[in-house]
Amino acid sequence: MPHHRSYLGLKGMVSALILTASYGVVAAQTMAPPPAVSVTPVVSRQVTETGAFIGRVTAIDKVDLVARVPGFIEERTFTEGQQVKKGELLFRIEQATYKAAAEQARAALAKAKATEVNAKLQLERGKDLARNNNIPQATVDQRAADEEAAQASVMEAQAALEQAEINLGYTEIRSPIDGRIGLATFTVGNLVQPSSGKLATIVSQDPIYVIFQVSQRNVLEYRRRLAESPSNTHLTIHIKLPDGSPYPHPGLTNFLDVQVEPTTDTVAVRARVPNPDGLLTAGGVVGVTVERGAPRLALTVPQAAVLLDQAGRYVLIVDADKKVEQRRVTLGVEQGRNVVVTDGLRAGELVIVEGIQKVRAGQVVTANVLPGT
């Protein structure tokens, strides 16, 4: 019996300890502070609706240099890849043969002019003699024909001289545009001729074109806006470089293609973009953002606050009682790190941007308010 009482007493003490420990855990859980989250207010700001596209950079001017007369390259005056100016000498083909041809044509012209002078004098003498019937009229007619033939010979010699001088000028190949010159296909000492193909290529750098494809729906929206505001016929575009950084110079559209690309059902749009630093290179691919209308007021939230489940997009807000509430939202266009909310929120409401994973709807939280971004 004593042993039995001791066992019951020990069991009661253990039960009491377990109850005390359980009460302590519950009390500790009850006393735990609410989780902390960072919130930011829903902000009303001026936004501009935009469209995103992929664009191809294209030079406004592109020229392939070719030899217009045959000959050996005597001199190359540029460094590949450098900027060149319009009229700048780039190649010189050996000129000796063409200078000699020009001198020969000049001498032939002088000879033809002398023959013309003599034929004219002979015609004048013949006319005087014919008045006194000292020579027959047939002789005078022949001298008149000789004088006209001499005039034709002068014209022919003049044309030959001009062609010789043109050929001599072709031995100096100059840049027809301002731009950057590429690799030289032929070096000094090579024989070139018109059939040799391009010697080098020059592409203009500043300004430059960006061409991108838009849907017919975009074109229709543009035409409707143009009908409402006919004075504003061009759209401003902004470019994102391949590394994701924004290009500092906006461009302006200046051409809409007159036909639809049948394979993609899109229309090409061309924009003229300043390129003073040469950051845009012909043939490159860039991101294009097009402003679709005038700025308007809209509610925005950070993109980090927007969550997605099977029912769609939603955000978590903190109400006046510090409780978390789930709110379904309808989104508009992106604005950098923010996104436009067209339905579901009011200006000034606090959306959770940090600590979202730690909380659930209906839970009380401690909110640290961040400034609107």
# chains A, B, ... in the order shown; residues from 1 in each chain; ligands from 1
>>> residues_around(residues="stretch 74-79 of chain A", least_positions_apart="6", cutoff="10 Å", atoms="only C-alpha atoms", output="list in words")
Glu88, Leu89, Leu90, Phe91, Arg92, Ile93, Glu94, Gln95, Thr171, Glu172, Ile173, Ile181, Gly182, Leu183, Ala184, Phe186, Thr187, Val188, Gly189, Asn190 and Leu191 of chain A
>>> atom_distance(atom1="atom CA of A:Lys322", atom2="atom CA of A:Pro34")
9.8 Å
>>> select_by_dssp(residues="stretch 53-205 of chain A", states="helix (DSSP H, G or I)", output="VMD selection string")
chain A and resid 96 to 131 137 to 170 194 to 196
>>> residues_around(residues="stretch 298-306 of chain A", least_positions_apart="2", cutoff="6 Å", atoms="only C-alpha atoms", output="list of chain:residue names")
A:Val42, A:Val43, A:Ser44, A:Arg45, A:Tyr314, A:Val315, A:Arg337, A:Asn338, A:Val339, A:Val340, A:Val341, A:Ile352, A:Val353
>>> atom_distance(atom1="atom CA of A:Leu199", atom2="atom CA of A:Glu165")
22.3 Å
>>> atom_distance(atom1="atom CA of A:Ala59", atom2="atom CA of A:Lys198")
17.7 Å
>>> closest_residue(among="A:Ala110, A:Ala105, A:Ala144, A:Ile317", to="A:Gln363", atoms="only C-alpha atoms")
A:Ile317
>>> residues_around(residues="A:Gln46", least_positions_apart="4", cutoff="7 Å", atoms="only C-alpha atoms", output="PyMOL selection string")
chain A and resi 295-298
>>> closest_atom_pairs(of="stretch 37-125 of chain A", to="stretch 205-211 of chain A", cutoff="12 Å", atoms="only C-alpha atoms", output="CSV")
residue,atom,partner,partner_atom,distance
A:Phe53,CA,A:Ile211,CA,9.9
A:Ile54,CA,A:Ile211,CA,8.6
A:Gly55,CA,A:Ile211,CA,5.3
A:Arg56,CA,A:Ile211,CA,5.3
A:Val57,CA,A:Val210,CA,4.5
A:Thr58,CA,A:Tyr209,CA,5.0
A:Ala59,CA,A:Ile208,CA,5.3
A:Ile60,CA,A:Ile208,CA,5.6
A:Asp61,CA,A:Gln205,CA,8.5
A:Lys62,CA,A:Gln205,CA,9.8
A:Gly81,CA,A:Gln205,CA,11.8
A:Gln82,CA,A:Gln205,CA,11.3
A:Gln83,CA,A:Gln205,CA,8.9
A:Val84,CA,A:Gln205,CA,10.6
A:Lys85,CA,A:Gln205,CA,11.5
>>> residues_around(residues="stretch 214-219 of chain A", least_positions_apart="2", cutoff="7 Å", atoms="only C-alpha atoms", output="list of chain:residue names")
A:Phe212, A:Glu221, A:Tyr222, A:Arg223, A:Asp265, A:Thr266, A:Val267, A:Ala268
>>> write_last_selection(atoms="N, CA and C atoms", output="JSON list (two decimals), in the first residue's frame")
[["chain", "number", "residue", "atom", "x", "y", "z"],
["A", 212, "PHE", "N", 10.80, 48.87, -86.35],
["A", 212, "PHE", "CA", 10.15, 47.82, -85.56],
["A", 212, "PHE", "C", 8.79, 47.51, -86.14],
["A", 221, "GLU", "N", -5.26, 52.10, -83.77],
["A", 221, "GLU", "CA", -5.29, 53.00, -82.63],
["A", 221, "GLU", "C", -4.57, 54.30, -82.96],
["A", 222, "TYR", "N", -3.45, 54.20, -83.65],
["A", 222, "TYR", "CA", -2.70, 55.39, -84.03],
["A", 222, "TYR", "C", -3.50, 56.27, -84.98],
["A", 223, "ARG", "N", -4.17, 55.66, -85.95],
["A", 223, "ARG", "CA", -4.94, 56.45, -86.91],
["A", 223, "ARG", "C", -6.13, 57.13, -86.23],
["A", 265, "ASP", "N", 1.56, 39.57, -90.21],
["A", 265, "ASP", "CA", 0.40, 40.45, -90.08],
["A", 265, "ASP", "C", 0.77, 41.72, -89.30],
["A", 266, "THR", "N", 1.95, 42.23, -89.57],
["A", 266, "THR", "CA", 2.42, 43.45, -88.91],
["A", 266, "THR", "C", 2.84, 44.48, -89.94],
["A", 267, "VAL", "N", 3.02, 45.71, -89.45],
["A", 267, "VAL", "CA", 3.42, 46.83, -90.30],
["A", 267, "VAL", "C", 4.72, 47.40, -89.74],
["A", 268, "ALA", "N", 5.64, 47.73, -90.62],
["A", 268, "ALA", "CA", 6.93, 48.29, -90.19],
["A", 268, "ALA", "C", 6.78, 49.78, -89.88]]
>>> residues_around(residues="A:Ala138", least_positions_apart="5", cutoff="12 Å", atoms="only C-alpha atoms", output="JSON, numbers by chain")
{"A": [123, 126, 127, 130, 133, 143, 144, 145]}
>>> closest_residue(among="A:Thr330, A:Thr185, A:Thr366, A:Asn275", to="A:Asp64", atoms="only C-alpha atoms")
A:Thr185
>>> residues_around(residues="stretch 238-253 of chain A", least_positions_apart="4", cutoff="9 Å", atoms="only C-alpha atoms", output="MDAnalysis selection string")
chainID A and resid 55 209:210 233:234 269:275 279:280 284:291
>>> select_by_dssp(residues="stretch 187-358 of chain A", states="strand (DSSP E or B)", output="MDAnalysis selection string")
chainID A and resid 191:192 198:203 208:215 236:240 246 251:256 261 266:273 285:291 296:302 307:309 312:318 323:328 330:335 338:343 350:354
>>> write_last_selection(atoms="C-alpha atoms", output="PDB file, in the first residue's frame")
ATOM      1  CA  LEU A 191      44.545  45.577-109.132  1.00  0.00           C
ATOM      2  CA  VAL A 192      40.918  46.676-108.940  1.00  0.00           C
ATOM      3  CA  LYS A 198      33.178  46.825-102.993  1.00  0.00           C
ATOM      4  CA  LEU A 199      36.441  48.198-101.662  1.00  0.00           C
ATOM      5  CA  ALA A 200      34.882  49.185 -98.313  1.00  0.00           C
ATOM      6  CA  THR A 201      31.514  50.176 -96.851  1.00  0.00           C
ATOM      7  CA  ILE A 202      30.555  53.446 -95.155  1.00  0.00           C
ATOM      8  CA  VAL A 203      27.514  53.725 -92.900  1.00  0.00           C
ATOM      9  CA  ILE A 208      20.208  56.597 -87.216  1.00  0.00           C
ATOM     10  CA  TYR A 209      17.010  54.661 -87.898  1.00  0.00           C
ATOM     11  CA  VAL A 210      15.264  52.111 -85.682  1.00  0.00           C
ATOM     12  CA  ILE A 211      12.680  49.949 -87.475  1.00  0.00           C
ATOM     13  CA  PHE A 212      10.151  47.822 -85.557  1.00  0.00           C
ATOM     14  CA  GLN A 213       7.018  45.844 -86.369  1.00  0.00           C
ATOM     15  CA  VAL A 214       3.606  46.696 -84.900  1.00  0.00           C
ATOM     16  CA  SER A 215       0.255  44.945 -85.189  1.00  0.00           C
ATOM     17  CA  THR A 236       7.957  59.481 -79.372  1.00  0.00           C
ATOM     18  CA  ILE A 237       9.910  56.274 -78.793  1.00  0.00           C
ATOM     19  CA  HIS A 238      12.351  55.292 -76.058  1.00  0.00           C
ATOM     20  CA  ILE A 239      15.039  52.665 -76.500  1.00  0.00           C
ATOM     21  CA  LYS A 240      16.422  50.038 -74.163  1.00  0.00           C
ATOM     22  CA  PRO A 246      17.872  52.994 -71.057  1.00  0.00           C
ATOM     23  CA  GLY A 251      13.462  59.215 -81.082  1.00  0.00           C
ATOM     24  CA  LEU A 252      10.547  60.254 -83.250  1.00  0.00           C
ATOM     25  CA  THR A 253       8.664  58.094 -85.759  1.00  0.00           C
ATOM     26  CA  ASN A 254       8.786  59.389 -89.316  1.00  0.00           C
ATOM     27  CA  PHE A 255       7.481  56.577 -91.520  1.00  0.00           C
ATOM     28  CA  LEU A 256       4.716  53.949 -91.492  1.00  0.00           C
ATOM     29  CA  GLU A 261       3.874  41.888 -93.848  1.00  0.00           C
ATOM     30  CA  THR A 266       2.424  43.449 -88.909  1.00  0.00           C
ATOM     31  CA  VAL A 267       3.419  46.826 -90.301  1.00  0.00           C
ATOM     32  CA  ALA A 268       6.927  48.294 -90.190  1.00  0.00           C
ATOM     33  CA  VAL A 269       7.404  51.591 -88.364  1.00  0.00           C
ATOM     34  CA  ARG A 270      10.589  53.638 -88.683  1.00  0.00           C
ATOM     35  CA  ALA A 271      11.892  56.140 -86.152  1.00  0.00           C
ATOM     36  CA  ARG A 272      14.751  58.620 -86.450  1.00  0.00           C
ATOM     37  CA  VAL A 273      16.989  58.568 -83.359  1.00  0.00           C
ATOM     38  CA  VAL A 285      18.646  44.761 -81.904  1.00  0.00           C
ATOM     39  CA  VAL A 286      17.151  47.043 -79.240  1.00  0.00           C
ATOM     40  CA  GLY A 287      13.998  47.271 -77.151  1.00  0.00           C
ATOM     41  CA  VAL A 288      11.526  49.953 -78.246  1.00  0.00           C
ATOM     42  CA  THR A 289       8.908  51.594 -76.048  1.00  0.00           C
ATOM     43  CA  VAL A 290       6.303  53.731 -77.796  1.00  0.00           C
ATOM     44  CA  GLU A 291       4.257  56.404 -76.053  1.00  0.00           C
ATOM     45  CA  ARG A 296      -3.078  60.728 -67.449  1.00  0.00           C
ATOM     46  CA  LEU A 297      -3.635  60.166 -63.733  1.00  0.00           C
ATOM     47  CA  ALA A 298      -3.593  56.516 -62.615  1.00  0.00           C
ATOM     48  CA  LEU A 299      -3.057  54.498 -59.430  1.00  0.00           C
ATOM     49  CA  THR A 300       0.260  52.659 -59.237  1.00  0.00           C
ATOM     50  CA  VAL A 301       1.836  50.109 -56.900  1.00  0.00           C
ATOM     51  CA  PRO A 302       5.287  48.486 -56.903  1.00  0.00           C
ATOM     52  CA  LEU A 307       1.032  38.228 -56.335  1.00  0.00           C
ATOM     53  CA  LEU A 308      -0.518  35.573 -58.564  1.00  0.00           C
ATOM     54  CA  ASP A 309      -2.618  32.485 -57.831  1.00  0.00           C
ATOM     55  CA  GLY A 312      -5.556  35.810 -60.819  1.00  0.00           C
ATOM     56  CA  ARG A 313      -3.607  38.810 -59.536  1.00  0.00           C
ATOM     57  CA  TYR A 314      -3.937  40.145 -56.013  1.00  0.00           C
ATOM     58  CA  VAL A 315      -2.172  42.243 -53.395  1.00  0.00           C
ATOM     59  CA  LEU A 316      -2.104  42.128 -49.602  1.00  0.00           C
ATOM     60  CA  ILE A 317      -3.059  45.354 -47.858  1.00  0.00           C
ATOM     61  CA  VAL A 318      -2.954  46.411 -44.195  1.00  0.00           C
ATOM     62  CA  LYS A 323      -5.020  43.373 -40.213  1.00  0.00           C
ATOM     63  CA  VAL A 324      -3.936  41.839 -43.519  1.00  0.00           C
ATOM     64  CA  GLU A 325      -6.547  41.797 -46.277  1.00  0.00           C
ATOM     65  CA  GLN A 326      -6.328  40.108 -49.672  1.00  0.00           C
ATOM     66  CA  ARG A 327      -7.496  42.334 -52.517  1.00  0.00           C
ATOM     67  CA  ARG A 328      -8.025  41.219 -56.135  1.00  0.00           C
ATOM     68  CA  THR A 330      -6.840  44.507 -62.358  1.00  0.00           C
ATOM     69  CA  LEU A 331      -3.527  45.705 -63.763  1.00  0.00           C
ATOM     70  CA  GLY A 332      -2.670  48.111 -66.556  1.00  0.00           C
ATOM     71  CA  VAL A 333       0.659  49.003 -68.144  1.00  0.00           C
ATOM     72  CA  GLU A 334       4.032  48.754 -66.413  1.00  0.00           C
ATOM     73  CA  GLN A 335       5.783  51.960 -65.409  1.00  0.00           C
ATOM     74  CA  ASN A 338       5.655  50.112 -60.748  1.00  0.00           C
ATOM     75  CA  VAL A 339       2.479  48.907 -62.409  1.00  0.00           C
ATOM     76  CA  VAL A 340      -0.827  50.668 -63.017  1.00  0.00           C
ATOM     77  CA  VAL A 341      -3.851  49.318 -61.103  1.00  0.00           C
ATOM     78  CA  THR A 342      -7.107  49.985 -62.942  1.00  0.00           C
ATOM     79  CA  ASP A 343      -9.426  48.318 -60.414  1.00  0.00           C
ATOM     80  CA  LEU A 350      -1.215  50.437 -47.804  1.00  0.00           C
ATOM     81  CA  VAL A 351       0.047  47.448 -49.822  1.00  0.00           C
ATOM     82  CA  ILE A 352       2.641  45.032 -48.460  1.00  0.00           C
ATOM     83  CA  VAL A 353       5.894  45.027 -50.417  1.00  0.00           C
ATOM     84  CA  GLU A 354       8.246  43.251 -47.987  1.00  0.00           C
TER      85      GLU A 354
END
